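Asker: File input-v2.txt follows (compact mmCIF, C-alpha atoms):
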# COMPACT_ATOMS: atom_id res chain seq x y z
CA MET A 1 -0.70 28.66 2.13
CA LYS A 2 -0.46 26.36 5.13
CA ILE A 3 1.78 23.34 4.47
CA LEU A 4 1.79 20.24 6.65
CA ILE A 5 5.00 18.21 6.50
CA LEU A 6 4.28 14.62 7.45
CA ASP A 7 7.63 13.35 8.69
CA GLY A 8 7.89 9.57 8.28
CA CYS A 9 11.57 9.29 9.21
CA ALA A 10 12.57 7.14 12.20
CA VAL A 11 15.04 9.81 13.35
CA GLU A 12 14.95 13.54 12.65
CA GLN A 13 16.65 14.44 9.38
CA LEU A 14 18.19 17.73 8.21
CA ALA A 15 15.76 17.55 5.31
CA VAL A 16 12.94 18.56 7.65
CA ALA A 17 14.60 21.92 8.27
CA TRP A 18 15.34 22.32 4.56
CA LEU A 19 11.72 21.71 3.70
CA VAL A 20 10.47 24.12 6.34
CA GLU A 21 12.89 26.83 5.16
CA SER A 22 11.93 26.26 1.53
CA CYS A 23 8.24 26.68 2.35
CA ARG A 24 8.78 29.77 4.50
CA ALA A 25 10.99 31.34 1.82
CA ARG A 26 7.90 31.33 -0.39
CA GLY A 27 5.79 32.96 2.28
CA TRP A 28 3.98 29.80 3.30
CA GLU A 29 3.31 28.57 6.81
CA ALA A 30 4.97 25.22 7.48
CA GLU A 31 4.11 22.83 10.26
CA VAL A 32 5.90 19.54 10.91
CA LEU A 33 4.01 16.50 12.16
CA ALA A 34 6.59 13.88 13.16
CA LEU A 35 5.04 10.43 13.16
CA ARG A 36 7.66 8.68 15.30
CA GLY A 37 6.40 7.99 18.80
CA ARG A 38 2.76 8.52 17.84
CA GLN A 39 0.14 5.89 18.57
CA ILE A 40 -1.13 4.93 15.14
CA ALA A 41 -2.47 1.40 14.84
CA PRO A 42 -2.45 -0.30 11.43
CA CYS A 43 -5.59 0.02 9.31
CA THR A 44 -7.79 -3.03 9.86
CA GLY A 45 -9.41 -2.86 6.42
CA CYS A 46 -12.91 -2.74 7.95
CA PHE A 47 -14.23 0.10 5.72
CA GLY A 48 -15.98 1.50 8.79
CA CYS A 49 -14.60 4.94 7.89
CA TRP A 50 -16.70 4.80 4.70
CA LEU A 51 -19.80 2.94 5.81
CA ARG A 52 -20.27 3.15 9.60
CA THR A 53 -18.77 6.51 10.67
CA PRO A 54 -18.27 8.26 7.31
CA GLY A 55 -15.08 10.32 7.27
CA ILE A 56 -13.84 9.13 10.68
CA CYS A 57 -11.67 6.06 11.29
CA THR A 58 -13.23 3.65 13.76
CA THR A 59 -9.88 3.32 15.57
CA ASP A 60 -9.56 6.17 18.05
CA ASP A 61 -5.86 7.04 18.24
CA ASP A 62 -3.40 9.57 16.78
CA GLY A 63 -4.35 8.45 13.26
CA ARG A 64 -7.48 10.57 13.52
CA GLU A 65 -5.44 13.67 14.38
CA VAL A 66 -3.13 13.07 11.42
CA LEU A 67 -6.15 12.96 9.12
CA ARG A 68 -7.67 16.10 10.67
CA GLN A 69 -4.44 18.04 10.19
CA ILE A 70 -4.10 16.90 6.57
CA VAL A 71 -7.68 17.88 5.73
CA GLN A 72 -7.21 21.28 7.34
CA SER A 73 -3.95 22.02 5.53
CA ASP A 74 -3.67 23.71 2.15
CA GLY A 75 -1.01 21.23 1.12
CA THR A 76 0.58 18.12 2.60
CA LEU A 77 4.15 17.08 1.89
CA LEU A 78 5.22 13.55 2.78
CA LEU A 79 8.83 13.10 3.90
CA THR A 80 10.20 9.58 3.95
CA PRO A 81 13.29 7.48 3.47
CA VAL A 82 12.92 5.69 0.16
CA THR A 83 12.14 2.13 1.28
CA PHE A 84 12.32 -0.49 -1.48
CA GLY A 85 11.16 2.29 -3.81
CA GLY A 86 8.22 3.19 -1.57
CA TYR A 87 7.51 4.88 1.73
CA SER A 88 8.71 3.87 5.19
CA ALA A 89 6.40 1.66 7.26
CA LEU A 90 6.14 4.54 9.74
CA LEU A 91 4.72 6.89 7.11
CA LYS A 92 2.63 4.18 5.45
CA ARG A 93 0.91 3.34 8.71
CA ALA A 94 -0.42 6.91 8.82
CA LEU A 95 -1.31 6.96 5.10
CA ASP A 96 -3.27 3.71 5.36
CA ARG A 97 -5.40 5.46 7.96
CA ILE A 98 -6.33 8.49 5.85
CA ILE A 99 -8.68 6.74 3.44
CA PRO A 100 -11.63 8.40 5.24
CA MET A 101 -10.45 11.48 3.31
CA ILE A 102 -11.89 9.99 0.15
CA SER A 103 -15.38 8.78 -0.70
CA PRO A 104 -16.21 5.08 -1.21
CA PHE A 105 -17.72 6.00 -4.56
CA PHE A 106 -15.84 5.78 -7.80
CA ALA A 107 -14.59 8.33 -10.28
CA THR A 108 -12.61 7.95 -13.47
CA VAL A 109 -9.24 9.70 -13.42
CA ASN A 110 -6.91 9.41 -16.42
CA GLY A 111 -8.98 6.49 -17.67
CA GLU A 112 -8.60 4.52 -14.41
CA THR A 113 -10.98 3.91 -11.55
CA HIS A 114 -10.22 5.94 -8.44
CA HIS A 115 -12.35 7.30 -5.62
CA ARG A 116 -14.27 10.54 -5.49
CA LEU A 117 -13.08 13.17 -3.06
CA ARG A 118 -14.93 13.56 0.23
CA TYR A 119 -14.03 17.19 0.87
CA THR A 120 -14.97 20.16 -1.24
CA ARG A 121 -11.55 21.66 -0.54
CA GLN A 122 -8.76 19.14 -1.14
CA PRO A 123 -5.22 19.93 0.04
CA ARG A 124 -2.36 19.87 -2.47
CA PHE A 125 -0.11 16.79 -2.42
CA GLY A 126 3.60 16.23 -2.58
CA ALA A 127 6.23 13.70 -1.54
CA VAL A 128 9.91 14.09 -0.82
CA GLY A 129 12.04 10.96 -0.65
CA LEU A 130 15.43 10.58 1.00
CA ALA A 131 17.41 8.06 -1.01
CA GLY A 132 20.15 6.12 0.75
CA ASP A 133 21.91 5.29 -2.49
CA ASP A 134 21.71 5.83 -6.25
CA ASP A 135 19.32 3.05 -7.14
CA ALA A 136 17.71 4.31 -10.33
CA GLU A 137 14.96 1.66 -10.40
CA GLU A 138 13.85 2.44 -6.86
CA ALA A 139 13.92 6.15 -7.65
CA THR A 140 11.60 5.54 -10.59
CA THR A 141 9.27 3.46 -8.43
CA PHE A 142 9.20 6.20 -5.79
CA ARG A 143 8.27 8.86 -8.34
CA THR A 144 5.62 6.58 -9.82
CA LEU A 145 4.15 5.85 -6.40
CA ALA A 146 3.96 9.53 -5.50
CA ALA A 147 2.39 10.34 -8.87
CA ARG A 148 -0.20 7.61 -8.34
CA ASN A 149 -0.99 8.91 -4.86
CA ALA A 150 -1.47 12.30 -6.48
CA LEU A 151 -4.12 10.79 -8.75
CA ASN A 152 -6.01 9.61 -5.66
CA TRP A 153 -5.83 13.15 -4.28
CA HIS A 154 -6.97 14.49 -7.67
CA GLU A 155 -3.78 16.57 -7.57
CA PRO A 156 -2.80 17.64 -11.09
CA GLN A 157 0.61 19.08 -10.20
CA PRO A 158 2.22 17.21 -7.31
CA VAL A 159 5.54 18.21 -5.80
CA ILE A 160 7.77 15.13 -6.13
CA ALA A 161 11.44 15.32 -5.19
CA LEU A 162 14.24 12.94 -4.30
CA LEU A 163 17.14 14.03 -2.14
CA ARG A 164 20.21 11.83 -2.03
CA ALA A 165 21.99 11.05 1.21
CA ASP A 166 24.96 13.23 0.24
CA THR A 167 22.88 16.25 -0.82
CA ASP A 168 24.00 19.40 1.02
CA ALA A 169 21.72 22.15 2.26
CA ALA A 170 22.28 24.54 -0.65
CA ALA A 171 21.66 21.84 -3.27
CA ALA A 172 18.58 20.61 -1.43
CA ARG A 173 17.07 24.11 -1.18
CA ALA A 174 17.77 24.70 -4.88
CA LEU A 175 16.17 21.39 -5.85
CA LEU A 176 13.11 22.03 -3.70
CA ALA A 177 12.72 25.56 -5.13
CA THR A 178 12.92 24.20 -8.68
CA THR A 179 10.42 21.46 -7.84
CA PHE A 180 7.93 23.89 -6.27
CA ASP A 181 8.27 26.18 -9.29
CA ALA A 182 7.77 23.33 -11.75
CA ALA A 183 4.65 22.19 -9.89
CA GLY A 184 3.33 25.73 -9.93
CA TRP A 185 2.44 25.82 -6.23
CA LYS A 186 1.70 29.39 -5.09
CA MET B 1 18.21 -30.98 7.08
CA SER B 2 14.86 -31.61 5.39
CA THR B 3 14.92 -32.52 1.70
CA THR B 4 11.26 -31.58 1.26
CA ASN B 5 10.67 -28.33 -0.57
CA GLN B 6 9.33 -25.71 1.78
CA ALA B 7 7.23 -22.63 1.17
CA VAL B 8 6.29 -19.73 3.41
CA LEU B 9 3.12 -17.76 2.74
CA LEU B 10 3.20 -14.21 4.12
CA ILE B 11 -0.19 -12.50 4.06
CA GLY B 12 -0.27 -8.70 3.96
CA SER B 13 -3.98 -8.29 4.62
CA PRO B 14 -4.89 -7.33 8.19
CA ARG B 15 -7.85 -9.70 7.77
CA GLY B 16 -5.40 -12.58 7.62
CA THR B 17 -6.21 -16.05 6.30
CA HIS B 18 -9.90 -15.26 5.71
CA SER B 19 -9.11 -12.36 3.39
CA THR B 20 -9.02 -12.42 -0.41
CA SER B 21 -5.21 -12.30 -0.17
CA GLY B 22 -5.27 -15.24 2.22
CA GLN B 23 -7.41 -17.23 -0.21
CA LEU B 24 -5.18 -16.45 -3.20
CA GLY B 25 -2.09 -17.50 -1.25
CA ALA B 26 -3.76 -20.62 0.17
CA PHE B 27 -4.80 -21.73 -3.32
CA LEU B 28 -1.18 -21.57 -4.48
CA LEU B 29 0.05 -23.33 -1.33
CA GLU B 30 -2.41 -26.18 -1.79
CA ARG B 31 -1.03 -26.87 -5.28
CA LEU B 32 2.49 -27.01 -3.85
CA ARG B 33 1.41 -29.23 -0.95
CA ALA B 34 -0.22 -31.62 -3.42
CA GLN B 35 3.25 -32.14 -4.91
CA GLY B 36 4.84 -32.90 -1.56
CA TRP B 37 5.91 -29.43 -0.43
CA SER B 38 5.57 -28.43 3.19
CA ALA B 39 4.24 -24.98 3.91
CA SER B 40 3.56 -22.52 6.70
CA THR B 41 1.45 -19.37 6.77
CA PHE B 42 2.04 -16.04 8.53
CA VAL B 43 0.07 -12.81 8.74
CA ALA B 44 2.26 -9.68 8.67
CA ARG B 45 0.12 -7.81 11.18
CA LYS B 46 0.37 -10.64 13.72
CA VAL B 47 4.07 -11.16 13.09
CA MET B 48 4.76 -7.48 13.81
CA ALA B 49 2.67 -7.54 16.99
CA ASN B 50 4.00 -10.76 18.49
CA ALA B 51 7.65 -11.62 19.21
CA ALA B 52 6.99 -15.38 19.19
CA ALA B 53 5.35 -15.15 15.76
CA TRP B 54 8.35 -13.19 14.45
CA THR B 55 10.73 -15.84 15.73
CA GLU B 56 8.63 -18.53 14.08
CA LEU B 57 8.69 -16.62 10.77
CA GLU B 58 12.47 -16.24 11.02
CA ARG B 59 12.82 -20.00 11.57
CA ALA B 60 10.47 -20.94 8.75
CA LEU B 61 12.08 -18.52 6.30
CA ALA B 62 15.58 -19.78 7.07
CA ALA B 63 14.52 -23.21 5.83
CA ALA B 64 12.25 -22.06 3.00
CA ASP B 65 12.82 -22.49 -0.72
CA LEU B 66 10.03 -20.13 -1.70
CA LEU B 67 8.43 -17.07 -0.11
CA ILE B 68 4.93 -16.29 -1.37
CA VAL B 69 3.67 -12.82 -0.52
CA ALA B 70 -0.10 -12.42 -0.90
CA THR B 71 -1.43 -8.98 -0.20
CA PRO B 72 -4.02 -6.36 -1.03
CA LEU B 73 -3.17 -3.00 -2.51
CA TYR B 74 -3.25 -0.25 0.11
CA VAL B 75 -2.95 3.31 -1.16
CA ASP B 76 -1.03 2.26 -4.29
CA SER B 77 1.43 0.28 -2.19
CA LEU B 78 1.62 -2.49 0.40
CA PRO B 79 -0.15 -2.42 3.78
CA ALA B 80 2.08 -0.87 6.47
CA PRO B 81 2.58 -4.09 8.51
CA LEU B 82 3.92 -5.85 5.41
CA ILE B 83 6.37 -3.01 4.71
CA GLU B 84 7.45 -3.21 8.36
CA THR B 85 7.98 -6.96 7.98
CA PHE B 86 10.05 -6.32 4.84
CA GLU B 87 12.12 -3.70 6.70
CA ARG B 88 12.88 -6.15 9.51
CA LEU B 89 13.59 -9.06 7.19
CA HIS B 90 15.96 -6.88 5.18
CA GLU B 91 17.86 -5.92 8.33
CA LEU B 92 17.99 -9.54 9.44
CA ARG B 93 19.26 -10.82 6.11
CA ARG B 94 21.85 -8.04 5.85
CA ALA B 95 23.22 -9.15 9.21
CA THR B 96 23.02 -12.88 8.46
CA ALA B 97 23.02 -13.93 4.81
CA PRO B 98 20.63 -16.77 3.90
CA VAL B 99 22.33 -20.17 3.76
CA LYS B 100 20.47 -21.35 0.66
CA ALA B 101 19.15 -19.95 -2.60
CA GLN B 102 15.60 -18.72 -2.09
CA ARG B 103 12.87 -17.50 -4.41
CA MET B 104 10.05 -15.03 -3.91
CA VAL B 105 6.78 -14.51 -5.73
CA ALA B 106 4.03 -12.00 -4.99
CA VAL B 107 0.31 -12.15 -5.70
CA MET B 108 -1.58 -8.91 -5.27
CA ASN B 109 -5.22 -7.94 -5.47
CA CYS B 110 -7.01 -4.64 -5.46
CA GLY B 111 -10.61 -3.49 -5.19
CA PHE B 112 -10.30 -1.43 -8.36
CA PRO B 113 -11.36 -3.07 -11.62
CA GLU B 114 -7.93 -2.59 -13.20
CA ALA B 115 -5.32 -5.20 -12.22
CA SER B 116 -2.67 -2.83 -13.59
CA GLN B 117 -3.12 -0.63 -10.52
CA ASN B 118 -1.06 -3.19 -8.59
CA ALA B 119 2.07 -2.58 -10.69
CA THR B 120 3.80 -0.09 -8.38
CA ALA B 121 3.29 -2.26 -5.32
CA LEU B 122 4.67 -5.26 -7.21
CA ALA B 123 7.73 -3.17 -8.08
CA ILE B 124 8.20 -2.51 -4.36
CA CYS B 125 8.06 -6.28 -3.72
CA ARG B 126 10.62 -6.80 -6.46
CA HIS B 127 13.00 -4.23 -4.95
CA PHE B 128 12.64 -5.89 -1.55
CA ALA B 129 13.43 -9.29 -3.07
CA ARG B 130 16.62 -7.97 -4.65
CA ARG B 131 17.81 -6.21 -1.51
CA ALA B 132 16.97 -9.17 0.72
CA ASP B 133 18.64 -11.79 -1.50
CA PHE B 134 15.59 -13.55 -2.87
CA ARG B 135 15.44 -14.53 -6.52
CA TRP B 136 12.42 -12.66 -7.90
CA ASP B 137 10.07 -15.17 -9.49
CA GLY B 138 7.54 -12.60 -10.58
CA GLY B 139 4.40 -10.81 -9.56
CA LEU B 140 0.76 -11.65 -10.23
CA ALA B 141 -1.98 -9.05 -10.06
CA LEU B 142 -5.75 -9.32 -9.77
CA GLY B 143 -8.28 -6.53 -10.14
CA MET B 144 -11.92 -6.64 -8.97
CA GLY B 145 -10.81 -8.26 -5.70
CA GLY B 146 -14.22 -7.41 -4.27
CA MET B 147 -15.61 -10.26 -6.37
CA LEU B 148 -13.78 -12.79 -4.19
CA SER B 149 -14.54 -11.09 -0.86
CA GLY B 150 -12.44 -13.57 1.09
CA GLN B 151 -14.29 -16.61 -0.29
CA PRO B 152 -12.35 -19.77 -1.17
CA ILE B 153 -11.33 -19.95 -4.82
CA ALA B 154 -12.91 -22.89 -6.58
CA GLU B 155 -12.64 -24.16 -10.10
CA ARG B 156 -16.39 -24.38 -10.57
CA SER B 157 -17.37 -20.91 -9.45
CA ARG B 158 -17.67 -17.42 -10.91
CA THR B 159 -14.00 -17.00 -10.12
CA HIS B 160 -12.87 -20.03 -12.10
CA LYS B 161 -10.61 -17.74 -14.19
CA VAL B 162 -8.67 -16.99 -11.02
CA ALA B 163 -8.29 -20.71 -10.28
CA VAL B 164 -7.05 -21.42 -13.80
CA ALA B 165 -4.48 -18.60 -13.65
CA LEU B 166 -3.20 -19.65 -10.23
CA GLN B 167 -2.96 -23.31 -11.30
CA ARG B 168 -0.72 -22.18 -14.14
CA ALA B 169 1.37 -20.05 -11.77
CA ALA B 170 1.73 -22.99 -9.36
CA ALA B 171 2.84 -25.24 -12.23
CA ASP B 172 5.47 -22.67 -13.21
CA LEU B 173 6.76 -22.49 -9.64
CA LEU B 174 6.81 -26.28 -9.29
CA ALA B 175 8.84 -26.47 -12.50
CA GLY B 176 11.44 -24.26 -10.82
CA GLY B 177 10.92 -21.21 -12.94
CA PRO B 178 9.39 -17.80 -12.47
CA VAL B 179 5.66 -17.37 -13.06
CA SER B 180 4.98 -17.19 -16.77
CA GLY B 181 3.59 -14.33 -18.77
CA GLU B 182 0.57 -16.53 -19.49
CA ALA B 183 -0.23 -16.91 -15.79
CA ILE B 184 0.23 -13.17 -15.18
CA ALA B 185 -1.97 -12.25 -18.15
CA ALA B 186 -4.65 -14.77 -17.15
CA LEU B 187 -4.97 -13.45 -13.59
CA ALA B 188 -5.11 -9.85 -14.83
CA GLN B 189 -8.18 -10.59 -16.99
CA PRO B 190 -11.27 -8.68 -15.75
CA LEU B 191 -13.85 -10.92 -14.09
CA MET B 192 -16.73 -8.83 -15.44
CA PRO B 193 -17.28 -5.55 -17.32
CA ARG B 194 -15.81 -2.58 -15.48
CA TRP B 195 -19.06 -0.61 -15.46
CA LEU B 196 -20.93 -3.54 -13.88
CA TYR B 197 -18.30 -4.07 -11.17
CA ARG B 198 -18.40 -0.38 -10.26
CA LEU B 199 -22.19 -0.36 -10.16
CA MET B 200 -22.33 -3.49 -7.99
CA GLY B 201 -19.70 -2.04 -5.65
CA GLU B 202 -21.53 1.24 -5.17
CA VAL B 203 -24.89 -0.45 -4.66
CA SER B 204 -23.42 -2.83 -2.08
CA PHE B 205 -21.78 0.09 -0.22
CA ARG B 206 -25.09 1.95 -0.05
CA LEU B 207 -27.02 -1.15 1.02
CA PHE B 208 -24.53 -2.02 3.76
CA ALA B 209 -24.62 1.52 5.17
CA TRP B 210 -28.41 1.75 4.91
CA ARG B 211 -28.78 -1.50 6.89
CA LYS B 212 -26.58 0.04 9.60
CA GLY B 213 -28.75 3.17 9.64
CA VAL B 214 -26.01 5.31 8.09
CA TYR B 215 -27.31 7.66 5.40
CA ARG B 216 -24.78 10.50 5.03
CA LEU B 217 -21.87 8.72 3.41
CA GLY B 218 -20.54 12.06 2.14
CA ALA B 219 -20.12 13.63 5.60
CA GLN B 220 -17.16 16.02 5.98
CA PRO B 221 -16.36 15.82 9.71
CA TYR B 222 -12.98 17.60 9.57
CA ALA B 223 -13.85 20.31 7.05
CA ARG B 224 -12.41 23.75 7.76
CA GLU B 225 -14.88 26.52 8.40
CA GLY B 226 -15.69 28.28 5.18
CA GLY B 227 -15.14 25.15 3.09
What do you get writing this file as structure tokens?
Answerer:
Amino acid sequence: MKILILDGCAVEQLAVAWLVESCRARGWEAEVLALRGRQIAPCTGCFGCWLRTPGICTTDDDGREVLRQIVQSDGTLLLTPVTFGGYSALLKRALDRIIPMISPFFATVNGETHHRLRYTRQPRFGAVGLAGDDDAEEATTFRTLAARNALNWHEPQPVIALLRADTDAAAARALLATTFDAAGWK
Amino acid sequence: MSTTNQAVLLIGSPRGTHSTSGQLGAFLLERLRAQGWSASTFVARKVMANAAAWTELERALAAADLLIVATPLYVDSLPAPLIETFERLHELRRATAPVKAQRMVAVMNCGFPEASQNATALAICRHFARRADFRWDGGLALGMGGMLSGQPIAERSRTHKVAVALQRAAADLLAGGPVSGEAIAALAQPLMPRWLYRLMGEVSFRLFAWRKGVYRLGAQPYAREGG
């Protein structure tokens, strides 16, 4: 399994290495795509990626490469500081640009309207948050957000984990191993 | 110091004042202006791209009594430029505490039929408000945003339900309180049956693409070989 780690942290975090090690320990390939320093313009909301150049964003910058790498992975793991219970702006800028991965047409998932998938082969989805403090409400919002993103990816068993700022390497690896096991990723 | 109540409208849509978010926010602002409030409008994407616009937002917010955030749902959350604006405002207000009590309200819209899909993004707004020292005055959510399509909201139109709900929300804010459950429930009401909205959306997508000479909307340009 080829895992893409989409690193949305403003500075490199130890958690990147922990994630890579945790993937490799399971025999998976792991590649890190750090978003800092990349040229990714904000989504303009033009829907050109659905209706003018289906599957390709009309803005030609690094956002297209991020999408290509996600589509060609077997699984994508988001890594982000928990920001008001959500993702960092750095990560979100890239995520706003990957809507060409889905179809404009609707599907019903868990009783709600979502979009159909564009690709026959959809990568797995997961999100790992780095929490700066013990805010339980924000932690809940983060888990809910990741679970809702998983619905959009039609991912039935997402990997969702929260690492606290004071988590050490051993605890982080143990938590990630437990989370991968619980999600049943193989 | 001015004794007039002041509001700041921060629009999260990259389409700015002509977007559905811009129209929802403008409708609220007009009700406040009618009662003597002064108001200014900013677009997050422009504020993040322009130092002078950021300075102007800082100045307006320092004097504001109420921050209104009007934004579309992007991938279950807020558009990136709005999150970036929140990040910078949080840093600013951690360094220099606001000199007056300030309130914040958010009005969200999404292209899905279900207004409830905005709930997570509203929670993110609420967490920002708490961390940045705004009193949270509540979040309003609208589904079927495609029905408005950036058109002005009028009382005698197919979106009159939206106007009624926002009038109630404005009255709540003018009375000094948070937006009421009645206003929130009224805005969340579907504007038409879900099946009809979905059908109209899909037909309009196909028509738009067909007029542009685009026929393969299901193209898979980045697919790996072998699937």
Asker: Return the neighbours of chain A among the residues of chain B, cut-off 6 Å, counting all atoms listed in the file, as a ChimeraX atom specification.
Answerer: /B:14,80,83-84,124,127-128,209,217,219,222,224
Asker: Using all atoms listed in the file, can you tell me which of B:Ala63, B:Pro190, B:Ala34, B:Gly12 comes closest to Cys125 (chain B)?
Answerer: B:Gly12
Asker: Identify which of the residues B:Ala183, B:Leu89, B:Leu191, B:Ala7 lies closest to Glu30 (chain B), counting only C-alpha atoms when measuring atom-to-atom distances.
Answerer: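 Checking each candidate against Glu30 (chain B), we get B:Ala7 as the closest.
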Asker: Near region 96-107 of chain B, counting only C-alpha atoms, which residues have an atom at most 6 Å away, once you skip same-chain residues fewer than 6 positions from it, shown as an MDAnalysis selection string?
Answerer: chainID B and resid 65:70 134:141
Asker: Using all atoms listed in the file, find the one residue out of A:Ala170, A:His154, A:Ala139, A:Arg124 that sits nearest to Ala123 (chain B).
Answerer: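 Checking each of A:Ala170, A:His154, A:Ala139, A:Arg124 against Ala123 (chain B), counting all atoms listed in the file, the winner is A:Ala139.
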Asker: So how far away is CA of Gly63 (chain A) from CA of Arg88 (chain B), in Å?
Answerer: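 So the two atoms, CA of Arg88 (chain B) and CA of Gly63 (chain A), lie 22.9 Å apart.
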Asker: Within 12 Å of region 154-166 of chain B, counting all atoms listed in the file, which residues qualify if same-chain residues fewer than 3 places away don't, as number ranges by chain?
Answerer: B: 20, 23-32, 106-109, 139-151, 169-173, 179-192
Asker: Could I get region 89-101 of chain A rebuilt with N, CA and C atoms, written as a PDB file, in the coordinates of the input?
Answerer:
ATOM      1  N   ALA A  89       7.566   2.229   6.576  1.00  0.00           N
ATOM      2  CA  ALA A  89       6.400   1.660   7.260  1.00  0.00           C
ATOM      3  C   ALA A  89       5.776   2.690   8.197  1.00  0.00           C
ATOM      4  N   LEU A  90       6.625   3.514   8.801  1.00  0.00           N
ATOM      5  CA  LEU A  90       6.140   4.540   9.740  1.00  0.00           C
ATOM      6  C   LEU A  90       5.174   5.504   9.038  1.00  0.00           C
ATOM      7  N   LEU A  91       5.586   5.977   7.858  1.00  0.00           N
ATOM      8  CA  LEU A  91       4.720   6.890   7.110  1.00  0.00           C
ATOM      9  C   LEU A  91       3.495   6.142   6.571  1.00  0.00           C
ATOM     10  N   LYS A  92       3.722   4.924   6.093  1.00  0.00           N
ATOM     11  CA  LYS A  92       2.630   4.180   5.450  1.00  0.00           C
ATOM     12  C   LYS A  92       1.523   3.855   6.446  1.00  0.00           C
ATOM     13  N   ARG A  93       1.919   3.633   7.691  1.00  0.00           N
ATOM     14  CA  ARG A  93       0.910   3.340   8.710  1.00  0.00           C
ATOM     15  C   ARG A  93      -0.070   4.508   8.824  1.00  0.00           C
ATOM     16  N   ALA A  94       0.454   5.734   8.756  1.00  0.00           N
ATOM     17  CA  ALA A  94      -0.420   6.910   8.820  1.00  0.00           C
ATOM     18  C   ALA A  94      -1.232   7.050   7.535  1.00  0.00           C
ATOM     19  N   LEU A  95      -0.594   6.794   6.389  1.00  0.00           N
ATOM     20  CA  LEU A  95      -1.310   6.960   5.100  1.00  0.00           C
ATOM     21  C   LEU A  95      -2.434   5.945   4.943  1.00  0.00           C
ATOM     22  N   ASP A  96      -2.209   4.726   5.448  1.00  0.00           N
ATOM     23  CA  ASP A  96      -3.270   3.710   5.360  1.00  0.00           C
ATOM     24  C   ASP A  96      -4.508   4.146   6.134  1.00  0.00           C
ATOM     25  N   ARG A  97      -4.304   5.047   7.096  1.00  0.00           N
ATOM     26  CA  ARG A  97      -5.400   5.460   7.960  1.00  0.00           C
ATOM     27  C   ARG A  97      -6.120   6.717   7.447  1.00  0.00           C
ATOM     28  N   ILE A  98      -5.668   7.258   6.306  1.00  0.00           N
ATOM     29  CA  ILE A  98      -6.330   8.490   5.850  1.00  0.00           C
ATOM     30  C   ILE A  98      -7.328   8.234   4.720  1.00  0.00           C
ATOM     31  N   ILE A  99      -7.692   6.963   4.503  1.00  0.00           N
ATOM     32  CA  ILE A  99      -8.680   6.740   3.440  1.00  0.00           C
ATOM     33  C   ILE A  99     -10.059   7.339   3.754  1.00  0.00           C
ATOM     34  N   PRO A 100     -10.369   7.672   5.034  1.00  0.00           N
ATOM     35  CA  PRO A 100     -11.630   8.400   5.240  1.00  0.00           C
ATOM     36  C   PRO A 100     -11.651   9.745   4.514  1.00  0.00           C
ATOM     37  N   MET A 101     -10.482  10.196   4.023  1.00  0.00           N
ATOM     38  CA  MET A 101     -10.450  11.480   3.310  1.00  0.00           C
ATOM     39  C   MET A 101     -11.137  11.389   1.952  1.00  0.00           C
TER      40      MET A 101
END
